[in-house]
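Enquirer: File name run14.cif; file contents mmCIF, C-alpha atoms; full text below.
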```
data_start
#
loop_
_atom_site.group_PDB
_atom_site.id
_atom_site.type_symbol
_atom_site.label_atom_id
_atom_site.label_comp_id
_atom_site.auth_asym_id
_atom_site.auth_seq_id
_atom_site.Cartn_x
_atom_site.Cartn_y
_atom_site.Cartn_z
ATOM 1 C CA MET A 1 -181.391 -29.552 95.873
ATOM 2 C CA LYS A 2 -183.596 -26.915 94.349
ATOM 3 C CA LYS A 3 -182.886 -25.748 90.820
ATOM 4 C CA PHE A 4 -182.477 -22.013 90.561
ATOM 5 C CA GLU A 5 -182.954 -19.887 87.490
ATOM 6 C CA ARG A 6 -179.590 -18.453 86.555
ATOM 7 C CA LYS A 7 -179.139 -14.706 86.812
ATOM 8 C CA PRO A 8 -175.364 -14.263 86.545
ATOM 9 C CA VAL A 9 -175.248 -10.597 87.481
ATOM 10 C CA GLY A 10 -178.075 -10.604 90.004
ATOM 11 C CA ASN A 11 -176.800 -13.706 91.767
ATOM 12 C CA PHE A 12 -173.111 -12.909 91.570
ATOM 13 C CA PHE A 13 -172.687 -12.339 95.285
ATOM 14 C CA ILE A 14 -173.748 -15.606 96.873
ATOM 15 C CA LYS A 15 -171.917 -14.922 100.140
ATOM 16 C CA LYS A 16 -171.284 -11.204 99.817
ATOM 17 C CA SER A 17 -169.085 -10.560 102.861
ATOM 18 C CA LEU A 18 -166.885 -13.588 102.139
ATOM 19 C CA GLN A 19 -166.509 -12.647 98.487
ATOM 20 C CA LEU A 20 -165.802 -8.980 99.213
ATOM 21 C CA ARG A 21 -163.114 -9.922 101.762
ATOM 22 C CA LEU A 22 -161.432 -12.157 99.186
ATOM 23 C CA ILE A 23 -161.589 -9.473 96.488
ATOM 24 C CA VAL A 24 -160.134 -6.862 98.870
ATOM 25 C CA ARG A 25 -157.308 -9.221 99.832
ATOM 26 C CA ILE A 26 -156.403 -9.928 96.209
ATOM 27 C CA VAL A 27 -156.510 -6.246 95.217
ATOM 28 C CA SER A 28 -154.497 -5.295 98.323
ATOM 29 C CA ALA A 29 -151.857 -7.902 97.523
ATOM 30 C CA VAL A 30 -151.520 -6.611 93.961
ATOM 31 C CA ALA A 31 -151.364 -2.968 95.098
ATOM 32 C CA LEU A 32 -148.719 -3.873 97.676
ATOM 33 C CA THR A 33 -146.588 -5.732 95.133
ATOM 34 C CA THR A 34 -146.844 -2.768 92.768
ATOM 35 C CA LEU A 35 -145.594 -0.422 95.503
ATOM 36 C CA VAL A 36 -142.817 -2.855 96.413
ATOM 37 C CA SER A 37 -141.803 -2.931 92.736
ATOM 38 C CA LEU A 38 -141.563 0.871 92.654
ATOM 39 C CA GLY A 39 -139.541 0.908 95.856
ATOM 40 C CA THR A 40 -137.242 -1.825 94.579
ATOM 41 C CA MET A 41 -136.588 -0.006 91.314
ATOM 42 C CA VAL A 42 -135.756 3.248 93.112
ATOM 43 C CA LEU A 43 -133.577 1.405 95.639
ATOM 44 C CA VAL A 44 -131.612 -0.424 92.930
ATOM 45 C CA TYR A 45 -131.094 2.840 91.050
ATOM 46 C CA PHE A 46 -129.960 4.552 94.273
ATOM 47 C CA ILE A 47 -127.554 1.727 95.169
ATOM 48 C CA LYS A 48 -126.019 1.777 91.702
ATOM 49 C CA TYR A 49 -125.756 5.543 91.171
ATOM 50 C CA LYS A 50 -125.806 6.854 94.794
ATOM 51 C CA THR A 51 -128.578 9.265 93.903
ATOM 52 C CA VAL A 52 -132.186 9.293 92.788
ATOM 53 C CA VAL A 53 -131.597 12.191 90.417
ATOM 54 C CA ILE A 54 -131.129 11.634 86.720
ATOM 55 C CA TYR A 55 -129.691 14.085 84.205
ATOM 56 C CA LEU A 56 -131.260 14.268 80.774
ATOM 57 C CA TYR A 57 -129.716 16.022 77.820
ATOM 58 C CA ASP A 58 -132.164 18.050 75.766
ATOM 59 C CA LYS A 59 -130.804 18.212 72.179
ATOM 60 C CA SER A 60 -133.005 21.113 71.105
ATOM 61 C CA THR A 61 -131.947 23.510 73.884
ATOM 62 C CA GLY A 62 -128.628 21.981 74.910
ATOM 63 C CA GLU A 63 -129.717 22.041 78.546
ATOM 64 C CA ILE A 64 -129.159 19.267 81.026
ATOM 65 C CA PRO A 65 -132.091 19.429 83.455
ATOM 66 C CA ARG A 66 -132.178 17.329 86.614
ATOM 67 C CA GLU A 67 -135.162 15.112 87.221
ATOM 68 C CA HIS A 68 -136.039 12.833 90.057
ATOM 69 C CA ILE A 69 -136.082 9.195 88.907
ATOM 70 C CA VAL A 70 -139.470 8.597 90.513
ATOM 71 C CA PHE A 71 -141.060 11.251 88.280
ATOM 72 C CA LEU A 72 -139.672 9.505 85.222
ATOM 73 C CA LEU A 73 -141.018 6.160 86.376
ATOM 74 C CA LEU A 74 -144.273 7.457 87.813
ATOM 75 C CA PRO A 75 -146.415 7.653 84.632
ATOM 76 C CA THR A 76 -145.448 4.112 83.663
ATOM 77 C CA LEU A 77 -145.966 2.842 87.182
ATOM 78 C CA ILE A 78 -149.349 4.526 87.508
ATOM 79 C CA PHE A 79 -150.485 2.921 84.265
ATOM 80 C CA SER A 80 -149.050 -0.411 85.376
ATOM 81 C CA ALA A 81 -150.736 -0.100 88.769
ATOM 82 C CA LEU A 82 -154.103 0.652 87.165
ATOM 83 C CA VAL A 83 -153.788 -2.352 84.861
ATOM 84 C CA ASN A 84 -152.669 -4.529 87.785
ATOM 85 C CA VAL A 85 -155.563 -3.426 89.974
ATOM 86 C CA ALA A 86 -158.074 -3.910 87.140
ATOM 87 C CA LEU A 87 -156.760 -7.429 86.581
ATOM 88 C CA ALA A 88 -156.794 -8.084 90.319
ATOM 89 C CA VAL A 89 -160.426 -6.995 90.563
ATOM 90 C CA GLY A 90 -161.331 -9.325 87.696
ATOM 91 C CA ILE A 91 -159.410 -12.213 89.211
ATOM 92 C CA GLY A 92 -160.899 -11.400 92.615
ATOM 93 C CA PHE A 93 -164.448 -11.509 91.275
ATOM 94 C CA TYR A 94 -163.799 -14.800 89.485
ATOM 95 C CA ALA A 95 -161.992 -16.426 92.410
ATOM 96 C CA SER A 96 -164.482 -15.198 95.002
ATOM 97 C CA ARG A 97 -167.373 -16.762 93.128
ATOM 98 C CA LYS A 98 -165.484 -20.045 92.653
ATOM 99 C CA TYR A 99 -164.810 -20.009 96.388
ATOM 100 C CA ALA A 100 -168.265 -18.956 97.624
ATOM 101 C CA ILE A 101 -170.495 -21.244 95.560
ATOM 102 C CA PRO A 102 -169.189 -24.536 97.011
ATOM 103 C CA ILE A 103 -169.502 -23.137 100.542
ATOM 104 C CA TYR A 104 -173.054 -22.026 99.815
ATOM 105 C CA LYS A 105 -173.943 -25.433 98.352
ATOM 106 C CA LEU A 106 -172.451 -27.204 101.373
ATOM 107 C CA GLU A 107 -174.529 -25.017 103.686
ATOM 108 C CA GLN A 108 -177.694 -25.738 101.689
ATOM 109 C CA TRP A 109 -176.938 -29.482 101.689
ATOM 110 C CA CYS A 110 -176.389 -29.454 105.467
ATOM 111 C CA SER A 111 -179.678 -27.591 105.927
ATOM 112 C CA LEU A 112 -181.496 -30.270 103.932
ATOM 113 C CA LEU A 113 -179.908 -32.986 106.063
ATOM 114 C CA LEU A 114 -180.929 -31.160 109.245
ATOM 115 C CA GLN A 115 -184.502 -30.983 107.928
ATOM 116 C CA GLY A 116 -184.484 -34.783 107.720
ATOM 117 C CA LYS A 117 -184.003 -35.109 103.974
ATOM 118 C CA LEU A 118 -181.286 -37.724 104.316
ATOM 119 C CA THR A 119 -181.309 -38.606 100.617
ATOM 120 C CA ALA A 120 -180.243 -35.113 99.571
ATOM 121 C CA LEU A 121 -177.317 -35.204 97.186
ATOM 122 C CA LEU A 122 -174.524 -32.688 96.937
ATOM 123 C CA GLN A 123 -173.532 -31.809 93.389
ATOM 124 C CA PHE A 124 -171.047 -29.332 92.021
ATOM 125 C CA ARG A 125 -170.537 -28.165 88.454
ATOM 126 C CA GLU A 126 -166.815 -28.299 88.959
ATOM 127 C CA LYS A 127 -166.079 -31.898 88.068
ATOM 128 C CA GLU A 128 -162.469 -32.374 89.101
ATOM 129 C CA GLU A 129 -161.854 -30.053 92.024
ATOM 130 C CA LEU A 130 -164.779 -31.031 94.222
ATOM 131 C CA LYS A 131 -165.655 -34.496 92.937
ATOM 132 C CA GLU A 132 -164.039 -36.298 95.858
ATOM 133 C CA LEU A 133 -165.708 -34.021 98.412
ATOM 134 C CA SER A 134 -169.170 -34.506 96.907
ATOM 135 C CA LEU A 135 -168.653 -38.304 96.741
ATOM 136 C CA LYS A 136 -167.729 -38.423 100.447
ATOM 137 C CA CYS A 137 -170.614 -36.173 101.446
ATOM 138 C CA ASN A 138 -173.099 -38.200 99.401
ATOM 139 C CA GLU A 139 -171.811 -41.430 100.977
ATOM 140 C CA LEU A 140 -172.447 -39.853 104.357
ATOM 141 C CA ALA A 141 -176.043 -39.033 103.426
ATOM 142 C CA ARG A 142 -176.856 -42.583 102.292
#
```
What does the file become when written as C-alpha cells?

Expert:
Amino acid sequence: MKKFERKPVGNFFIKKSLQLRLIVRIVSAVALTTLVSLGTMVLVYFIKYKTVVIYLYDKSTGEIPREHIVFLLLPTLIFSALVNVALAVGIGFYASRKYAIPIYKLEQWCSLLLQGKLTALLQFREKEELKELSLKCNELAR
C-alpha cells in the first residue's frame, strides 16, 4: 500500500457520507435520550404529585408563586443537553474515523488485488481489533 503524508484535519473525512451518517446517528441518539430524560422526570413528578406545578416560597416577599416544573428544570436540562450533544459530536467524530479507515483500507487493498498486485498486504494500525481480519486477508493474497 502507498504511504500517505498525514494531515489529520485535512484527511479527517476518509469516507465522508459514511462518517457523517454515523455522527448524525450518535448525536440523534443522545438528543433523543436527553428528551426522554426530561419527559421521564416530568412524568415521575406528575405521577407523584398529580400536577406539574410547583409552589415556591419567597422569603423576602412572603409570596408563594406558582411555577411550572419544566421551567425549573429547563435551564439545567438545556445545559445538560448542550454538554451531551458536544460530547456526542466528539464521540461521533472519533468513532466515525475509527469505522471509516478500515473500510477505506479494505477497499484500497481490494483495488490492488484487482489490479493484479497479488502480494499486496493489508495492514492496520489498530493491533488488536483488526489483527485477525488482516491475517486472513493477507493469507488470501498469498

Enquirer: Could you give me, as a ChimeraX atom specification, the residues within 9 Å of segment 103-105 of chain A, counting only C-alpha atoms and dropping anything in the same chain fewer than 4 positions from it?

Expert: /A:1,14-15,99,109-110,122-124

Enquirer: Could you tell me which residues the PyMOL selection byres ((chain A and resi 43-56) around 9) grabs in this file, written as a list of chain:residue names?

Expert: A:Leu38, A:Gly39, A:Thr40, A:Met41, A:Val42, A:Tyr57, A:Asp58, A:Glu63, A:Ile64, A:Pro65, A:Arg66, A:Glu67, A:His68, A:Ile69, A:Val70, A:Leu72

Enquirer: Hey, what's within 10 Å of Thr34 of chain A if we count only C-alpha atoms and toss same-chain stuff fewer than 6 positions away? As number ranges by chain, please?

Expert: A: 28, 40, 77-78, 80-82, 84-85

Enquirer: Using all atoms listed in the file, which of A:Cys137, A:Glu107, A:Pro102, A:Arg142 sits nearest Thr119 of chain A?

Expert: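 Result for the nearest residue to Thr119 of chain A: A:Arg142.
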
Enquirer: Spell out the residues picked by the PyMOL selection byres ((chain A and resi 95) around 12) here, as a list of chain:residue names.

Expert: A:Phe12, A:Phe13, A:Leu18, A:Gln19, A:Leu20, A:Arg21, A:Leu22, A:Ile23, A:Val24, A:Arg25, A:Ile26, A:Val27, A:Leu87, A:Ala88, A:Val89, A:Gly90, A:Ile91, A:Gly92, A:Phe93, A:Tyr94, A:Ser96, A:Arg97, A:Lys98, A:Tyr99, A:Ala100, A:Ile101, A:Pro102

Enquirer: Give me the box for segment 62-78 of chain A as lines of an AutoDock Vina configuration file, namely the centre and edge lengths in Å to one decimal of a box along x, y and z that holds every listed atom plus 4 Å on each side.

Expert:
```
center_x = -139.0
center_y = 12.4
center_z = 82.7
size_x = 28.7
size_y = 27.2
size_z = 23.6
```

Enquirer: Atom CA of Leu133 of chain A to atom CA of Gly116 of chain A: how many Å, to one decimal?

Expert: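 Atom-to-atom, atom CA of Leu133 of chain A and atom CA of Gly116 of chain A are spaced 21.0 Å apart.
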
Enquirer: So which one's closest to Ser37 of chain A, A:Ala86, A:Leu74, A:Ser17, A:Ser60? Using all atoms listed in the file, please.

Expert: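 Looking only at the distances to Ser37 of chain A, the closest residue turns out to be A:Leu74.
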
Enquirer: What is the distance between atom CA of Asn138 of chain A and atom CA of Ala120 of chain A, in Å to one decimal?

Expert: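 For atom CA of Asn138 of chain A relative to atom CA of Ala120 of chain A, the distance reads 7.8 Å.
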
Enquirer: Which value, in Å to one decimal, gives the distance between atom CA of Val83 of chain A and atom CA of Val36 of chain A?

Expert: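 Here the two named atoms are 15.9 Å from each other.
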